[in-house]
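**Student:** Would you mind keeping the following structure in view while I ask a few things?
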Amino acid sequence: MTNNSLYPLNSIFNGVFMYIHIYVRKITYFRSINFNMRYSIDHKSAVPLHMQAENLLRQLIAEEQYQNGKNIPNEVDLAEMLGISRTTLRIAINKLVFEGLLIRKKRAGTKVAPGAVSSKSNNWLSFSQEMKLRGIPIRNFELHVSWEIPDKNLASFFNISQDTPVLKMQRLRGRPEEPFVLFISYFHPRVGVTPDDDFKRPLYELLEQEHNTIASLSKEEISAIGATELIATKLSVPEGSPILFRKRFVYDQSEKPIEYNVGYYKADSFIYTVESTR
């Protein structure tokens, strides 16, 4: 067979190869556009790129497909989609691996870890928002709302008289199979919440949308305690078991108190991560 007789065959082969190459590039291109519409890095922001990447990864891994075991995009593709270096992206991924939210295996890729619940201290949200961000389904086992007369300390925090009733909300929450935290919240009368409010909604979303109150500052105290009889019963643990006890003092944009909250967490179900920057 002569070289001339091979020419049509070569032309056809080259044409098919070029079509496949263009088609693959189009798939990658449109996939990248779709990704960038949902997740993007602001290169003009004062927030470091690796911290922006970390926050975007937290949103990404909350998606159902990744919660169900799908590998997150590889470093090369993900860095290209976000417009950052692999080194910057790796810092963010390493952070989530360290927190136990991601599992990375050589030649197997990176997946979401079905580990313990994690909370960050420098980017606080309502419990519902925080768990949704991590893709963790949450069930309310108990929800009780009532008016209470504040004790001396609570009245002092709210700067109200002790005979002024405040709204108390108690919620026992956890994964669908079992509770792992008991929350008790008290609200300043100025906020205007009542027992008729829908407390099944994310709390700070409710305060903002229904009561024009924006929670902007949280001051917290964390300690370890032994479970009392009440807490042990609620969390289904032996009395005296280690419990993570968290107090949260929440303020609005004018730094006026709006909520006092205490949380009792099962020690084996919660990891509290503290992050400091200089």
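Ordering of the structure tokens sets the chain letters (A, B, ...), residue numbers begin anew at 1 in every chain, and ligands are numbered from 1 in the order given.
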What's around A:Ala224 at 12 Å? Count only C-alpha atoms, leave out sequence neighbours fewer than 3 positions away in its own chain, and write the answer as a PyMOL selection string.
**Tutor:** chain A and resi 221+227+240-247+263-267
**Student:** Go ahead and write the residues just picked, N, CA and C atoms, as a PDB file, in the first residue's frame.
**Tutor:**
```
ATOM      1  N   GLU A 221     -17.177  29.897  76.547  1.00  0.00           N
ATOM      2  CA  GLU A 221     -16.383  29.261  77.597  1.00  0.00           C
ATOM      3  C   GLU A 221     -16.594  27.760  77.476  1.00  0.00           C
ATOM      4  N   ALA A 227     -21.360  14.114  83.836  1.00  0.00           N
ATOM      5  CA  ALA A 227     -22.796  14.157  83.555  1.00  0.00           C
ATOM      6  C   ALA A 227     -23.615  14.029  84.839  1.00  0.00           C
ATOM      7  N   GLY A 240     -22.002  10.686  85.547  1.00  0.00           N
ATOM      8  CA  GLY A 240     -20.595  10.946  85.804  1.00  0.00           C
ATOM      9  C   GLY A 240     -19.707  10.844  84.578  1.00  0.00           C
ATOM     10  N   SER A 241     -20.276  10.444  83.436  1.00  0.00           N
ATOM     11  CA  SER A 241     -19.491  10.345  82.202  1.00  0.00           C
ATOM     12  C   SER A 241     -18.967  11.722  81.791  1.00  0.00           C
ATOM     13  N   PRO A 242     -17.807  11.792  81.113  1.00  0.00           N
ATOM     14  CA  PRO A 242     -17.269  13.085  80.688  1.00  0.00           C
ATOM     15  C   PRO A 242     -18.175  13.766  79.666  1.00  0.00           C
ATOM     16  N   ILE A 243     -18.423  15.034  79.904  1.00  0.00           N
ATOM     17  CA  ILE A 243     -19.275  15.845  79.039  1.00  0.00           C
ATOM     18  C   ILE A 243     -18.533  17.134  78.701  1.00  0.00           C
ATOM     19  N   LEU A 244     -18.591  17.545  77.428  1.00  0.00           N
ATOM     20  CA  LEU A 244     -18.058  18.841  77.049  1.00  0.00           C
ATOM     21  C   LEU A 244     -19.145  19.877  77.299  1.00  0.00           C
ATOM     22  N   PHE A 245     -18.845  20.854  78.134  1.00  0.00           N
ATOM     23  CA  PHE A 245     -19.814  21.872  78.521  1.00  0.00           C
ATOM     24  C   PHE A 245     -19.409  23.196  77.886  1.00  0.00           C
ATOM     25  N   ARG A 246     -20.297  23.763  77.094  1.00  0.00           N
ATOM     26  CA  ARG A 246     -19.993  25.007  76.386  1.00  0.00           C
ATOM     27  C   ARG A 246     -21.012  26.087  76.730  1.00  0.00           C
ATOM     28  N   LYS A 247     -20.518  27.228  77.176  1.00  0.00           N
ATOM     29  CA  LYS A 247     -21.358  28.410  77.382  1.00  0.00           C
ATOM     30  C   LYS A 247     -21.150  29.350  76.210  1.00  0.00           C
ATOM     31  N   GLY A 263     -24.514  24.328  76.228  1.00  0.00           N
ATOM     32  CA  GLY A 263     -24.612  23.068  75.508  1.00  0.00           C
ATOM     33  C   GLY A 263     -23.871  21.973  76.238  1.00  0.00           C
ATOM     34  N   TYR A 264     -24.474  20.799  76.300  1.00  0.00           N
ATOM     35  CA  TYR A 264     -23.862  19.632  76.942  1.00  0.00           C
ATOM     36  C   TYR A 264     -23.661  18.568  75.864  1.00  0.00           C
ATOM     37  N   TYR A 265     -22.402  18.279  75.516  1.00  0.00           N
ATOM     38  CA  TYR A 265     -22.079  17.374  74.422  1.00  0.00           C
ATOM     39  C   TYR A 265     -21.508  16.053  74.939  1.00  0.00           C
ATOM     40  N   LYS A 266     -21.936  14.952  74.326  1.00  0.00           N
ATOM     41  CA  LYS A 266     -21.294  13.664  74.601  1.00  0.00           C
ATOM     42  C   LYS A 266     -19.841  13.750  74.154  1.00  0.00           C
ATOM     43  N   ALA A 267     -18.923  13.375  75.035  1.00  0.00           N
ATOM     44  CA  ALA A 267     -17.501  13.560  74.759  1.00  0.00           C
ATOM     45  C   ALA A 267     -17.017  12.776  73.549  1.00  0.00           C
TER      46      ALA A 267
END
```
**Student:** Skip stretch 62-78 of chain A itself and residues of its chain fewer than 5 positions away, then list as a list in words all residues within 8 Å of it, counting only C-alpha atoms.
**Tutor:**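 Counting only C-alpha atoms, the residues come to Arg86, Leu89, Arg90, Gly109, Thr110, Lys111, Val112, Lys132, Leu133, Arg134, Gly135 and Ile136 of chain A.
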**Student:** Go ahead and compute the interatomic distance for atom CA of A:Leu167 and atom CA of A:Leu182, in Å to one decimal.
**Tutor:**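 Computing the Euclidean distance for atom CA of A:Leu167 and atom CA of A:Leu182 yields 16.8 Å.
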**Student:** What separation in Å, quoted to one decimal, exists between atom CA of A:Glu220 and atom CA of A:Arg248?
**Tutor:**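 Here the two named atoms are 4.5 Å from each other.
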**Student:** Apply DSSP to the backbone of this structure and, from stretch 82-239 of chain A, keep only the residues in strand (DSSP E or B); write these as a PyMOL selection string.
**Tutor:** chain A and resi 102-105+109-112+117-120+139-148+166-175+178-187+217-226
**Student:** Show which residues sit within 12 Å of A:Pro48, as a PyMOL selection string. Count only C-alpha atoms, and ignore same-chain residues fewer than 5 positions away.
**Tutor:** chain A and resi 41-43+53-55+84+88-89+91-92+277-278
**Student:** Would you please work out which residue, of A:Pro257, A:Gly100, A:Pro179, A:Pro165, is nearest to A:Ile214 when using only C-alpha atoms?
**Tutor:** A:Pro257
**Student:** Have a look at atom CA of A:Gln59 and atom CA of A:Phe249 and let me know their distance in Å, one decimal.
**Tutor:** 26.4 Å
**Student:** Which residues are near stretch 169-173 of chain A? Cut-off 8 Å, only C-alpha atoms, ignore same chain within fewer than 2 positions. Put them as a PyMOL selection string.
**Tutor:** chain A and resi 138-146+167+175+179-186+234
**Student:** Okay, now the selection with N, CA and C atoms, as a short mmCIF file (atom, residue, chain, number, x, y, z; two decimals), in the first residue's frame?
**Tutor:**
```cif
data_model
loop_
_atom_site.label_atom_id
_atom_site.label_comp_id
_atom_site.auth_asym_id
_atom_site.auth_seq_id
_atom_site.Cartn_x
_atom_site.Cartn_y
_atom_site.Cartn_z
N ILE A 138 -29.49 16.04 61.02
CA ILE A 138 -29.76 16.29 62.44
C ILE A 138 -31.23 16.08 62.76
N ARG A 139 -31.48 15.47 63.89
CA ARG A 139 -32.84 15.21 64.35
C ARG A 139 -33.07 15.90 65.68
N ASN A 140 -34.23 16.51 65.84
CA ASN A 140 -34.65 17.06 67.12
C ASN A 140 -35.39 15.99 67.90
N PHE A 141 -34.82 15.55 69.01
CA PHE A 141 -35.48 14.54 69.83
C PHE A 141 -36.46 15.18 70.81
N GLU A 142 -36.13 16.38 71.28
CA GLU A 142 -37.02 17.11 72.18
C GLU A 142 -36.92 18.59 71.86
N LEU A 143 -38.04 19.31 72.01
CA LEU A 143 -38.06 20.76 71.86
C LEU A 143 -39.09 21.32 72.83
N HIS A 144 -38.60 22.09 73.81
CA HIS A 144 -39.48 22.67 74.82
C HIS A 144 -39.23 24.18 74.89
N VAL A 145 -40.29 24.97 74.86
CA VAL A 145 -40.18 26.42 74.94
C VAL A 145 -41.10 26.92 76.05
N SER A 146 -40.58 27.79 76.91
CA SER A 146 -41.38 28.29 78.03
C SER A 146 -40.83 29.63 78.52
N LEU A 167 -37.59 34.15 77.60
CA LEU A 167 -37.96 32.92 76.91
C LEU A 167 -36.83 31.90 77.02
N ARG A 175 -27.68 12.99 65.78
CA ARG A 175 -27.86 12.26 64.52
C ARG A 175 -29.20 11.52 64.57
N PRO A 179 -29.23 11.03 70.20
CA PRO A 179 -28.86 12.41 70.53
C PRO A 179 -27.42 12.49 71.03
N PHE A 180 -26.78 13.64 70.80
CA PHE A 180 -25.44 13.82 71.35
C PHE A 180 -25.24 15.19 71.99
N VAL A 181 -26.29 16.05 71.98
CA VAL A 181 -26.12 17.35 72.61
C VAL A 181 -27.47 17.86 73.15
N LEU A 182 -27.40 18.48 74.32
CA LEU A 182 -28.56 19.14 74.91
C LEU A 182 -28.26 20.63 74.96
N PHE A 183 -29.10 21.43 74.30
CA PHE A 183 -28.96 22.89 74.30
C PHE A 183 -30.04 23.53 75.16
N ILE A 184 -29.65 24.55 75.92
CA ILE A 184 -30.61 25.37 76.64
C ILE A 184 -30.28 26.83 76.34
N SER A 185 -31.23 27.54 75.75
CA SER A 185 -31.03 28.94 75.38
C SER A 185 -32.02 29.84 76.10
N TYR A 186 -31.53 31.05 76.44
CA TYR A 186 -32.38 32.10 77.02
C TYR A 186 -32.23 33.34 76.15
N LYS A 234 -30.70 12.34 79.50
CA LYS A 234 -30.98 12.92 78.19
C LYS A 234 -30.07 12.37 77.11
#
```
**Student:** Given the choices A:Ser128, A:Thr87, A:Leu57, A:Ala46, which gets closest to A:Glu205 if the distance is worked out from only C-alpha atoms?
**Tutor:**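 Nearest candidate to A:Glu205 out of A:Ser128, A:Thr87, A:Leu57, A:Ala46: A:Ser128.
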**Student:** Which residue, A:Pro114, A:Gly174, A:Gly83, A:Pro150, has the smallest gap to A:Ser236 when you use only C-alpha atoms?
**Tutor:**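 The closest residue to A:Ser236 is A:Gly174.
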**Student:** Stretch 74-164 of chain A: which residues are alpha helix (DSSP H) by DSSP, as an MDAnalysis selection string?
**Tutor:** chainID A and resid 75:82 86:98 127:133 152:158
**Student:** For A:Ser216, which residue out of A:Arg58, A:Lys105, A:Arg201, A:Lys256 is the nearest one, using only C-alpha atoms?
**Tutor:**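 Under the stated criterion, the closest residue is A:Lys256.
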**Student:** With only C-alpha atoms as the counted atoms, please give the residues lying no more than 12 Å from A:Asn153, apart from itself and same-chain residues fewer than 5 positions off, as a list in words.
**Tutor:**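 The filter keeps Phe158, Asn159, Ile160, Ser161, Gln162 and Tyr260 of chain A.
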**Student:** Contacts of A:Leu206 at 12 Å or less, counting only C-alpha atoms, minus same-chain residues fewer than 5 places along, as a list of chain:residue names?
**Tutor:**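 My list of contacting residues is A:Ser126, A:Ser128, A:Gln129, A:Val191, A:Gly192, A:Val193, A:Thr194, A:Asp197, A:Asp198, A:Phe199, A:Lys200, A:Arg201, A:His211, A:Asn212, A:Thr213, A:Ile214, A:Ala215.
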**Student:** Go ahead and write the residues just picked, C-alpha atoms, as a PDB file, in the first residue's frame.
**Tutor:**
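Once everything was written out, this is out.pdb:
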```
ATOM      1  CA  SER A 126     -26.094  28.168  64.363  1.00  0.00           C
ATOM      2  CA  SER A 128     -28.331  23.696  62.229  1.00  0.00           C
ATOM      3  CA  GLN A 129     -26.250  25.715  59.748  1.00  0.00           C
ATOM      4  CA  VAL A 191     -35.452  40.348  70.770  1.00  0.00           C
ATOM      5  CA  GLY A 192     -39.182  39.585  70.801  1.00  0.00           C
ATOM      6  CA  VAL A 193     -39.149  35.805  70.360  1.00  0.00           C
ATOM      7  CA  THR A 194     -42.210  33.938  71.656  1.00  0.00           C
ATOM      8  CA  ASP A 197     -41.898  31.096  66.716  1.00  0.00           C
ATOM      9  CA  ASP A 198     -40.788  28.181  64.554  1.00  0.00           C
ATOM     10  CA  PHE A 199     -37.704  26.976  66.424  1.00  0.00           C
ATOM     11  CA  LYS A 200     -37.249  24.107  63.996  1.00  0.00           C
ATOM     12  CA  ARG A 201     -35.645  26.657  61.688  1.00  0.00           C
ATOM     13  CA  HIS A 211     -37.058  39.714  64.438  1.00  0.00           C
ATOM     14  CA  ASN A 212     -34.536  41.904  62.613  1.00  0.00           C
ATOM     15  CA  THR A 213     -31.815  40.804  65.020  1.00  0.00           C
ATOM     16  CA  ILE A 214     -28.415  39.859  63.619  1.00  0.00           C
ATOM     17  CA  ALA A 215     -26.142  37.752  65.799  1.00  0.00           C
TER      18      ALA A 215
END
```
**Student:** When distances are computed from only C-alpha atoms, which of A:Thr233, A:Ser45, A:Ser218, A:Thr164 shows the smallest separation from A:His188?
**Tutor:** A:Thr164
